[in-house]
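Participant: What follows is the file coords-v1.pdb, containing PDB, C-alpha atoms:
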ATOM      1  CA  MET A  23     -69.832 -69.497  77.751
ATOM      2  CA  THR A  24     -68.895 -67.333  74.795
ATOM      3  CA  ASP A  25     -68.390 -68.650  71.295
ATOM      4  CA  PRO A  26     -65.904 -66.511  69.306
ATOM      5  CA  SER A  27     -67.733 -67.431  66.110
ATOM      6  CA  HIS A  28     -71.197 -66.427  67.393
ATOM      7  CA  TRP A  29     -72.052 -62.737  67.338
ATOM      8  CA  VAL A  30     -74.958 -60.541  68.391
ATOM      9  CA  LEU A  31     -75.582 -57.371  66.411
ATOM     10  CA  THR A  32     -78.003 -54.720  67.688
ATOM     11  CA  LEU A  33     -79.156 -51.803  65.606
ATOM     12  CA  ALA A  34     -81.517 -48.832  66.059
ATOM     13  CA  CYS A  35     -82.267 -46.260  63.382
ATOM     14  CA  PRO A  36     -85.027 -44.200  61.754
ATOM     15  CA  ASP A  37     -87.513 -46.576  60.138
ATOM     16  CA  ARG A  38     -87.481 -46.891  56.354
ATOM     17  CA  PRO A  39     -88.115 -49.596  53.744
ATOM     18  CA  GLY A  40     -85.388 -52.134  53.041
ATOM     19  CA  ILE A  41     -83.558 -52.210  56.389
ATOM     20  CA  VAL A  42     -83.935 -55.962  56.975
ATOM     21  CA  HIS A  43     -82.879 -56.703  53.414
ATOM     22  CA  ALA A  44     -79.809 -54.482  53.755
ATOM     23  CA  VAL A  45     -78.713 -55.955  57.093
ATOM     24  CA  THR A  46     -79.238 -59.578  56.126
ATOM     25  CA  GLY A  47     -77.484 -58.899  52.825
ATOM     26  CA  ALA A  48     -74.430 -57.552  54.669
ATOM     27  CA  ILE A  49     -74.437 -60.679  56.846
ATOM     28  CA  ALA A  50     -74.732 -62.961  53.827
ATOM     29  CA  SER A  51     -71.868 -61.176  52.070
ATOM     30  CA  SER A  52     -69.722 -61.897  55.137
ATOM     31  CA  GLN A  53     -70.642 -65.614  54.932
ATOM     32  CA  GLY A  54     -72.665 -65.341  58.144
ATOM     33  CA  ASN A  55     -75.518 -67.649  59.157
ATOM     34  CA  ILE A  56     -78.394 -65.984  61.038
ATOM     35  CA  THR A  57     -79.382 -68.046  64.110
ATOM     36  CA  GLU A  58     -81.865 -65.551  65.605
ATOM     37  CA  LEU A  59     -83.448 -62.344  64.327
ATOM     38  CA  GLN A  60     -85.994 -60.018  65.925
ATOM     39  CA  GLN A  61     -87.163 -56.636  64.736
ATOM     40  CA  PHE A  62     -89.684 -53.935  65.631
ATOM     41  CA  SER A  63     -90.884 -50.720  64.019
ATOM     42  CA  SER A  64     -92.191 -48.145  66.504
ATOM     43  CA  VAL A  65     -95.165 -46.266  65.097
ATOM     44  CA  ASP A  66     -94.934 -43.773  67.959
ATOM     45  CA  THR A  67     -91.351 -42.658  67.346
ATOM     46  CA  GLY A  68     -90.675 -43.784  63.780
ATOM     47  CA  ARG A  69     -87.709 -45.842  64.990
ATOM     48  CA  PHE A  70     -86.629 -49.295  63.870
ATOM     49  CA  PHE A  71     -84.961 -51.801  66.209
ATOM     50  CA  MET A  72     -83.203 -55.062  65.381
ATOM     51  CA  ARG A  73     -81.318 -57.775  67.233
ATOM     52  CA  VAL A  74     -79.655 -60.482  65.177
ATOM     53  CA  GLN A  75     -77.377 -63.368  66.132
ATOM     54  CA  VAL A  76     -74.919 -64.546  63.521
ATOM     55  CA  GLN A  77     -72.848 -67.727  63.406
ATOM     56  CA  SER A  78     -69.703 -67.409  61.326
ATOM     57  CA  GLY A  79     -65.969 -67.963  61.255
ATOM     58  CA  PHE A  80     -65.219 -64.337  60.359
ATOM     59  CA  GLU A  81     -63.177 -62.141  62.643
ATOM     60  CA  ARG A  82     -64.825 -59.261  64.439
ATOM     61  CA  ALA A  83     -62.899 -56.617  62.506
ATOM     62  CA  SER A  84     -64.008 -58.021  59.174
ATOM     63  CA  PHE A  85     -67.680 -58.094  60.204
ATOM     64  CA  GLU A  86     -67.432 -54.552  61.561
ATOM     65  CA  GLU A  87     -66.070 -53.437  58.199
ATOM     66  CA  SER A  88     -69.195 -54.863  56.549
ATOM     67  CA  VAL A  89     -71.578 -53.246  59.029
ATOM     68  CA  ARG A  90     -69.965 -49.810  59.388
ATOM     69  CA  PRO A  91     -70.867 -48.353  55.942
ATOM     70  CA  LEU A  92     -74.349 -49.855  56.195
ATOM     71  CA  ALA A  93     -74.895 -48.273  59.621
ATOM     72  CA  ALA A  94     -73.736 -44.907  58.293
ATOM     73  CA  TYR A  95     -76.171 -45.213  55.365
ATOM     74  CA  LEU A  96     -79.043 -46.054  57.735
ATOM     75  CA  ASN A  97     -77.990 -43.430  60.327
ATOM     76  CA  ALA A  98     -78.013 -46.272  62.847
ATOM     77  CA  ALA A  99     -76.620 -46.724  66.322
ATOM     78  CA  TRP A 100     -75.207 -50.251  66.440
ATOM     79  CA  HIS A 101     -73.225 -52.601  68.641
ATOM     80  CA  LEU A 102     -71.483 -55.918  68.043
ATOM     81  CA  ASP A 103     -70.612 -58.396  70.786
ATOM     82  CA  GLU A 104     -69.921 -62.074  71.368
ATOM     83  CA  VAL A 105     -73.016 -64.072  72.285
ATOM     84  CA  GLY A 106     -72.846 -65.020  75.963
ATOM     85  CA  ARG A 107     -70.054 -62.629  76.968
ATOM     86  CA  ARG A 108     -70.434 -61.788  80.643
ATOM     87  CA  ARG A 109     -71.097 -58.078  81.038
ATOM     88  CA  ARG A 110     -69.263 -56.338  83.851
ATOM     89  CA  THR A 111     -71.730 -55.338  86.543
ATOM     90  CA  LEU A 112     -71.531 -53.260  89.732
ATOM     91  CA  VAL A 113     -74.201 -53.820  92.394
ATOM     92  CA  LEU A 114     -75.376 -51.184  94.871
ATOM     93  CA  ALA A 115     -77.081 -52.510  97.998
ATOM     94  CA  SER A 116     -78.212 -51.593 101.504
ATOM     95  CA  ARG A 117     -79.400 -54.123 104.118
ATOM     96  CA  ALA A 118     -81.911 -56.374 102.333
ATOM     97  CA  GLY A 119     -80.014 -59.286 100.805
ATOM     98  CA  HIS A 120     -82.578 -61.206  98.742
ATOM     99  CA  CYS A 121     -81.898 -59.529  95.383
ATOM    100  CA  LEU A 122     -78.116 -59.495  95.824
ATOM    101  CA  ASN A 123     -78.095 -63.127  96.946
ATOM    102  CA  ASP A 124     -80.115 -64.133  93.885
ATOM    103  CA  LEU A 125     -77.813 -62.284  91.472
ATOM    104  CA  LEU A 126     -74.682 -63.736  93.075
ATOM    105  CA  PHE A 127     -76.083 -67.268  92.936
ATOM    106  CA  ARG A 128     -77.238 -66.939  89.327
ATOM    107  CA  GLN A 129     -73.847 -65.541  88.319
ATOM    108  CA  ARG A 130     -72.030 -68.450  90.003
ATOM    109  CA  ALA A 131     -74.426 -71.002  88.478
ATOM    110  CA  GLY A 132     -73.944 -69.537  84.999
ATOM    111  CA  GLN A 133     -77.639 -68.691  84.713
ATOM    112  CA  ILE A 134     -77.072 -65.032  83.858
ATOM    113  CA  PRO A 135     -74.243 -63.623  81.703
ATOM    114  CA  ILE A 136     -72.791 -61.060  84.106
ATOM    115  CA  GLU A 137     -69.530 -60.666  85.997
ATOM    116  CA  ILE A 138     -70.141 -58.807  89.261
ATOM    117  CA  THR A 139     -67.044 -56.658  89.740
ATOM    118  CA  GLY A 140     -68.036 -55.462  93.206
ATOM    119  CA  VAL A 141     -70.784 -54.633  95.674
ATOM    120  CA  MET A 142     -70.967 -51.123  97.121
ATOM    121  CA  ALA A 143     -73.339 -50.535 100.015
ATOM    122  CA  ASN A 144     -74.341 -47.891 102.524
ATOM    123  CA  HIS A 145     -74.425 -50.489 105.330
ATOM    124  CA  PRO A 146     -71.991 -53.328 106.222
ATOM    125  CA  ASP A 147     -74.689 -56.022 106.576
ATOM    126  CA  LEU A 148     -74.132 -57.803 103.240
ATOM    127  CA  GLY A 149     -70.345 -57.944 103.340
ATOM    128  CA  GLU A 150     -70.194 -61.584 104.387
ATOM    129  CA  LEU A 151     -72.574 -62.598 101.599
ATOM    130  CA  ALA A 152     -70.502 -60.838  98.929
ATOM    131  CA  ARG A 153     -67.218 -62.225 100.257
ATOM    132  CA  PHE A 154     -68.660 -65.767 100.317
ATOM    133  CA  HIS A 155     -69.081 -65.438  96.547
ATOM    134  CA  GLY A 156     -65.608 -63.940  96.153
ATOM    135  CA  VAL A 157     -66.904 -60.502  95.205
ATOM    136  CA  PRO A 158     -65.206 -57.339  96.548
ATOM    137  CA  PHE A 159     -67.397 -55.449  99.031
ATOM    138  CA  THR A 160     -67.132 -51.862 100.246
ATOM    139  CA  HIS A 161     -69.483 -49.826 102.382
ATOM    140  CA  ARG A 162     -69.788 -46.184 103.341
ATOM    141  CA  ALA A 163     -72.381 -44.476 105.493
ATOM    142  CA  VAL A 164     -74.337 -42.284 103.073
ATOM    143  CA  THR A 165     -75.649 -39.038 104.541
ATOM    144  CA  ALA A 166     -76.460 -35.660 103.054
ATOM    145  CA  GLU A 167     -72.843 -34.698 103.732
ATOM    146  CA  THR A 168     -71.212 -37.867 102.327
ATOM    147  CA  LYS A 169     -73.558 -38.685  99.438
ATOM    148  CA  ALA A 170     -71.563 -36.808  96.781
ATOM    149  CA  ALA A 171     -68.319 -38.539  97.847
ATOM    150  CA  PHE A 172     -69.932 -41.989  97.739
ATOM    151  CA  GLU A 173     -71.409 -41.343  94.294
ATOM    152  CA  ALA A 174     -67.985 -40.183  93.096
ATOM    153  CA  GLU A 175     -66.600 -43.531  94.308
ATOM    154  CA  VAL A 176     -69.324 -45.307  92.319
ATOM    155  CA  LEU A 177     -68.336 -43.471  89.141
ATOM    156  CA  ASP A 178     -64.652 -44.172  89.808
ATOM    157  CA  ALA A 179     -65.449 -47.888  90.139
ATOM    158  CA  VAL A 180     -67.490 -47.807  86.928
ATOM    159  CA  ALA A 181     -64.592 -46.238  85.040
ATOM    160  CA  SER A 182     -61.719 -48.232  86.550
ATOM    161  CA  ASP A 183     -63.450 -51.638  86.388
ATOM    162  CA  GLY A 184     -64.964 -51.230  82.921
ATOM    163  CA  VAL A 185     -68.477 -51.530  84.343
ATOM    164  CA  GLU A 186     -71.241 -51.805  81.733
ATOM    165  CA  LEU A 187     -74.233 -52.097  84.081
ATOM    166  CA  VAL A 188     -75.048 -50.794  87.564
ATOM    167  CA  VAL A 189     -77.768 -52.686  89.451
ATOM    168  CA  LEU A 190     -79.600 -51.208  92.431
ATOM    169  CA  ALA A 191     -80.411 -54.366  94.395
ATOM    170  CA  ARG A 192     -82.726 -52.766  96.970
ATOM    171  CA  TYR A 193     -80.291 -49.865  97.418
ATOM    172  CA  MET A 194     -82.316 -47.600  99.678
ATOM    173  CA  GLN A 195     -80.923 -44.255  98.584
ATOM    174  CA  ILE A 196     -82.113 -41.825  95.925
ATOM    175  CA  LEU A 197     -79.419 -41.212  93.330
ATOM    176  CA  SER A 198     -78.547 -37.617  92.527
ATOM    177  CA  PRO A 199     -79.624 -36.201  89.139
ATOM    178  CA  GLU A 200     -75.934 -36.035  88.213
ATOM    179  CA  LEU A 201     -75.351 -39.742  88.862
ATOM    180  CA  CYS A 202     -78.598 -40.650  87.078
ATOM    181  CA  ALA A 203     -77.401 -38.700  84.022
ATOM    182  CA  ALA A 204     -73.941 -40.321  84.123
ATOM    183  CA  LEU A 205     -75.500 -43.820  84.248
ATOM    184  CA  ALA A 206     -78.394 -43.174  81.857
ATOM    185  CA  GLY A 207     -79.434 -46.351  80.058
ATOM    186  CA  ARG A 208     -77.096 -48.573  82.082
ATOM    187  CA  ALA A 209     -78.530 -48.549  85.618
ATOM    188  CA  ILE A 210     -81.418 -50.824  86.633
ATOM    189  CA  ASN A 211     -83.535 -50.556  89.796
ATOM    190  CA  ILE A 212     -86.129 -52.886  91.333
ATOM    191  CA  HIS A 213     -89.371 -51.550  92.788
ATOM    192  CA  HIS A 214     -91.628 -53.489  95.127
ATOM    193  CA  SER A 215     -94.871 -53.088  93.191
ATOM    194  CA  PHE A 216     -96.453 -52.460  89.868
ATOM    195  CA  LEU A 217     -95.523 -48.799  89.480
ATOM    196  CA  PRO A 218     -96.557 -46.358  90.772
ATOM    197  CA  GLY A 219     -98.327 -48.046  93.703
ATOM    198  CA  PHE A 220     -97.140 -48.149  97.308
ATOM    199  CA  LYS A 221     -94.154 -45.836  97.221
ATOM    200  CA  GLY A 222     -92.196 -45.112 100.364
ATOM    201  CA  ALA A 223     -91.831 -47.005 103.633
ATOM    202  CA  ASN A 224     -93.546 -50.267 104.633
ATOM    203  CA  PRO A 225     -94.971 -51.093 101.183
ATOM    204  CA  TYR A 226     -96.244 -54.520 102.238
ATOM    205  CA  ARG A 227     -98.062 -53.095 105.250
ATOM    206  CA  GLN A 228     -99.647 -50.572 102.862
ATOM    207  CA  ALA A 229    -100.585 -53.462 100.576
ATOM    208  CA  HIS A 230    -102.049 -55.448 103.475
ATOM    209  CA  THR A 231    -104.064 -52.463 104.680
ATOM    210  CA  ARG A 232    -105.488 -51.928 101.209
ATOM    211  CA  GLY A 233    -106.338 -55.623 100.796
ATOM    212  CA  VAL A 234    -104.365 -56.082  97.591
ATOM    213  CA  LYS A 235    -105.065 -59.062  95.360
ATOM    214  CA  LEU A 236    -101.812 -58.894  93.380
ATOM    215  CA  ILE A 237     -98.249 -58.606  94.679
ATOM    216  CA  GLY A 238     -95.887 -57.362  91.996
ATOM    217  CA  ALA A 239     -92.415 -56.098  91.216
ATOM    218  CA  THR A 240     -91.106 -53.774  88.518
ATOM    219  CA  ALA A 241     -87.547 -53.517  87.180
ATOM    220  CA  HIS A 242     -86.818 -50.279  85.366
ATOM    221  CA  PHE A 243     -84.031 -48.017  84.210
ATOM    222  CA  VAL A 244     -82.950 -45.409  86.727
ATOM    223  CA  THR A 245     -83.835 -41.795  85.975
ATOM    224  CA  GLU A 246     -83.907 -38.698  88.143
ATOM    225  CA  ASN A 247     -87.708 -39.066  88.316
ATOM    226  CA  LEU A 248     -87.991 -41.527  91.194
ATOM    227  CA  ASP A 249     -89.363 -44.950  90.165
ATOM    228  CA  GLU A 250     -90.556 -43.600  86.815
ATOM    229  CA  GLY A 251     -87.853 -44.833  84.448
ATOM    230  CA  PRO A 252     -88.549 -46.977  81.366
ATOM    231  CA  ILE A 253     -89.859 -50.379  82.476
ATOM    232  CA  ILE A 254     -87.888 -53.506  81.550
ATOM    233  CA  GLU A 255     -89.741 -56.314  83.355
ATOM    234  CA  GLN A 256     -92.767 -56.818  85.622
ATOM    235  CA  ASN A 257     -94.257 -59.815  87.440
ATOM    236  CA  VAL A 258     -97.194 -60.481  89.764
ATOM    237  CA  THR A 259     -98.502 -63.169  92.105
ATOM    238  CA  ARG A 260    -102.169 -63.394  93.117
ATOM    239  CA  VAL A 261    -102.824 -63.215  96.878
ATOM    240  CA  ASP A 262    -105.877 -63.009  99.125
ATOM    241  CA  HIS A 263    -107.070 -61.796 102.517
ATOM    242  CA  THR A 264    -105.520 -64.724 104.385
ATOM    243  CA  LYS A 265    -101.952 -63.510 103.822
ATOM    244  CA  SER A 266    -100.213 -61.737 106.689
ATOM    245  CA  VAL A 267     -97.852 -58.802 106.213
ATOM    246  CA  ALA A 268     -94.887 -61.179 106.650
ATOM    247  CA  GLU A 269     -96.263 -63.570 104.032
ATOM    248  CA  LEU A 270     -96.882 -60.716 101.595
ATOM    249  CA  GLN A 271     -93.322 -59.525 102.138
ATOM    250  CA  SER A 272     -91.928 -63.004 101.487
ATOM    251  CA  ILE A 273     -93.951 -63.315  98.277
ATOM    252  CA  GLY A 274     -92.914 -59.818  97.245
ATOM    253  CA  GLN A 275     -89.222 -60.415  97.858
ATOM    254  CA  ASP A 276     -89.340 -63.515  95.682
ATOM    255  CA  GLN A 277     -90.963 -61.473  92.912
ATOM    256  CA  GLU A 278     -88.377 -58.709  93.324
ATOM    257  CA  SER A 279     -85.479 -61.169  93.007
ATOM    258  CA  ARG A 280     -86.887 -62.962  89.960
ATOM    259  CA  THR A 281     -87.936 -59.747  88.217
ATOM    260  CA  LEU A 282     -84.603 -58.018  88.759
ATOM    261  CA  ALA A 283     -82.667 -61.085  87.572
ATOM    262  CA  ALA A 284     -84.817 -61.287  84.441
ATOM    263  CA  ALA A 285     -84.245 -57.597  83.663
ATOM    264  CA  VAL A 286     -80.487 -57.913  84.198
ATOM    265  CA  ALA A 287     -80.356 -60.983  81.935
ATOM    266  CA  LEU A 288     -82.278 -59.158  79.201
ATOM    267  CA  PHE A 289     -79.850 -56.235  79.393
ATOM    268  CA  ALA A 290     -76.790 -58.496  79.496
ATOM    269  CA  GLU A 291     -77.976 -60.331  76.376
ATOM    270  CA  HIS A 292     -78.504 -57.067  74.454
ATOM    271  CA  ARG A 293     -82.279 -57.566  74.341
ATOM    272  CA  VAL A 294     -83.314 -54.146  75.708
ATOM    273  CA  PHE A 295     -83.704 -51.027  73.565
ATOM    274  CA  LEU A 296     -84.793 -47.572  74.710
ATOM    275  CA  ASP A 297     -87.589 -45.996  72.679
ATOM    276  CA  ASP A 298     -88.098 -42.604  74.346
ATOM    277  CA  ASN A 299     -89.603 -43.331  77.784
ATOM    278  CA  ARG A 300     -90.410 -46.976  77.132
ATOM    279  CA  THR A 301     -88.451 -50.070  76.186
ATOM    280  CA  VAL A 302     -88.467 -52.491  73.299
ATOM    281  CA  ILE A 303     -87.676 -55.987  74.616
ATOM    282  CA  PHE A 304     -86.663 -58.892  72.396
ATOM    283  CA  HIS A 305     -87.239 -62.013  74.513
TER     284      HIS A 305
END
If you convert what's in this file into structure tokens, what do you get?

Facilitator:
Amino acid sequence: MTDPSHWVLTLACPDRPGIVHAVTGAIASSQGNITELQQFSSVDTGRFFMRVQVQSGFERASFEESVRPLAAYLNAAWHLDEVGRRRRTLVLASRAGHCLNDLLFRQRAGQIPIEITGVMANHPDLGELARFHGVPFTHRAVTAETKAAFEAEVLDAVASDGVELVVLARYMQILSPELCAALAGRAINIHHSFLPGFKGANPYRQAHTRGVKLIGATAHFVTENLDEGPIIEQNVTRVDHTKSVAELQSIGQDQESRTLAAAVALFAEHRVFLDDNRTVIFH
């Protein structure tokens, strides 16, 4: 649930002395009470990142007026939002339903602040699941000849539905460089391992053949370099030689679902910042 008197301010700018003092001073002058504050200075890029939650009775416009001149002075990119507002999210899927099912359930249960505006898939298999949760579902066969048309539909949906995040929930197609560029910083994918291991088909059979001891999953931003985007979240489970391929797959799918949901929640709560090819995460 949102609270119209509880705000989250995010800010990224070149690092310099006095930023925290300046930001907290602007909040104090607006009669705001800080309920959470996290900050990080990146030695590698010389960038400063901050996420601050503020409880106050002021209206958004009045707080923006306080922040705007400060942001200009700091040369900062900034964003203000209501704490807990559900961010509009489009999901791309194929046939595997575990990640989509988890996101739909968590949305319905209020465990993750997103509003899934639709599911677009290249197979019809998950239509019943989406419709059970009252979410619009469309599917198109995606081939070399139809890929550009499908991706144009994705961008149309993003624009017309005010989509803020696109989630690839085991969508088994490689996005074109053009679509990756259009969705830069707002598209999240899930990969079935600690990157870059076991790319391609039958990852759990590959894992079984190699006798892996850890089954993992990685959620990352989508870039045109396949499975190499900035990492948002990773998880692992320890396994041993007694696990069959089917058991490894079951363990892996659970990790994929939990890891993707965690990454989506972090994004939805404005806790993810891009710092070149890596992320700054404020848990």

Participant: Step by step, work through what the PyMOL selection byres ((chain A and resi 122) around 9) selects in the shown file, and finish by giving those residues as a ChimeraX atom specification.

Facilitator: /A:113-115,118-121,123-127,141,148,151-152,191-192,279

Participant: List the residues selected by the PyMOL selection byres ((chain A and resi 200) around 12) in the file shown, writing them as a list in words.

Facilitator: Lys169, Ala170, Glu173, Ala174, Leu177, Ile196, Leu197, Ser198, Pro199, Leu201, Cys202, Ala203, Ala204, Leu205, Ala206, Val244, Thr245 and Glu246 of chain A

Participant: With C-alpha atoms retained, could you export that selection as an mmCIF file, in the coordinates of the input?

Facilitator:
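The resulting file, part01.cif, is reproduced below:
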data_model
loop_
_atom_site.group_PDB
_atom_site.id
_atom_site.type_symbol
_atom_site.label_atom_id
_atom_site.label_comp_id
_atom_site.auth_asym_id
_atom_site.auth_seq_id
_atom_site.Cartn_x
_atom_site.Cartn_y
_atom_site.Cartn_z
ATOM 1 C CA LYS A 169 -73.558 -38.685 99.438
ATOM 2 C CA ALA A 170 -71.563 -36.808 96.781
ATOM 3 C CA GLU A 173 -71.409 -41.343 94.294
ATOM 4 C CA ALA A 174 -67.985 -40.183 93.096
ATOM 5 C CA LEU A 177 -68.336 -43.471 89.141
ATOM 6 C CA ILE A 196 -82.113 -41.825 95.925
ATOM 7 C CA LEU A 197 -79.419 -41.212 93.330
ATOM 8 C CA SER A 198 -78.547 -37.617 92.527
ATOM 9 C CA PRO A 199 -79.624 -36.201 89.139
ATOM 10 C CA LEU A 201 -75.351 -39.742 88.862
ATOM 11 C CA CYS A 202 -78.598 -40.650 87.078
ATOM 12 C CA ALA A 203 -77.401 -38.700 84.022
ATOM 13 C CA ALA A 204 -73.941 -40.321 84.123
ATOM 14 C CA LEU A 205 -75.500 -43.820 84.248
ATOM 15 C CA ALA A 206 -78.394 -43.174 81.857
ATOM 16 C CA VAL A 244 -82.950 -45.409 86.727
ATOM 17 C CA THR A 245 -83.835 -41.795 85.975
ATOM 18 C CA GLU A 246 -83.907 -38.698 88.143
#

Participant: Residues near Asp37 (chain A), anyone? I mean within 9 Å using all atoms listed in the file, not counting same-chain ones fewer than 3 positions away, as number ranges by chain.

Facilitator: A: 34, 41, 63-64, 68-71, 96

Participant: Pick out the closest residue to Leu296 (chain A) from this set: A:Arg208, A:Arg109, A:Arg90, A:Arg232. Count all atoms listed in the file.

Facilitator: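 Residue with the minimum atom-to-atom distance to Leu296 (chain A): A:Arg208.
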
Participant: Taking the file as shown, what set of residues would the PyMOL selection byres ((chain A and resi 53) around 12) give back, as a PyMOL selection string?

Facilitator: chain A and resi 27+46-52+54-56+76-81+84-85+88

Participant: To one decimal place in Å, what is the distance between CA of Phe159 (chain A) and CA of Tyr226 (chain A)?

Facilitator: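 According to the coordinates, CA of Phe159 (chain A) and CA of Tyr226 (chain A) are separated by 29.0 Å.
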
Participant: Please work out which residues fall within 12 Å of (-95.9, -53.3, 92.0), coordinates as given in the file, with all atoms listed in the file counting, and return them as a PyMOL selection string.

Facilitator: chain A and resi 212-221+225-226+228-229+234-242+249+253+255-260+273-275+277-278+281

Participant: Pick the closest to Ala283 (chain A) from A:Thr264, A:Ser182, A:Asn211, A:Thr165: which is it, counting only C-alpha atoms?

Facilitator: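 Closest residue, counting only C-alpha atoms: A:Asn211.
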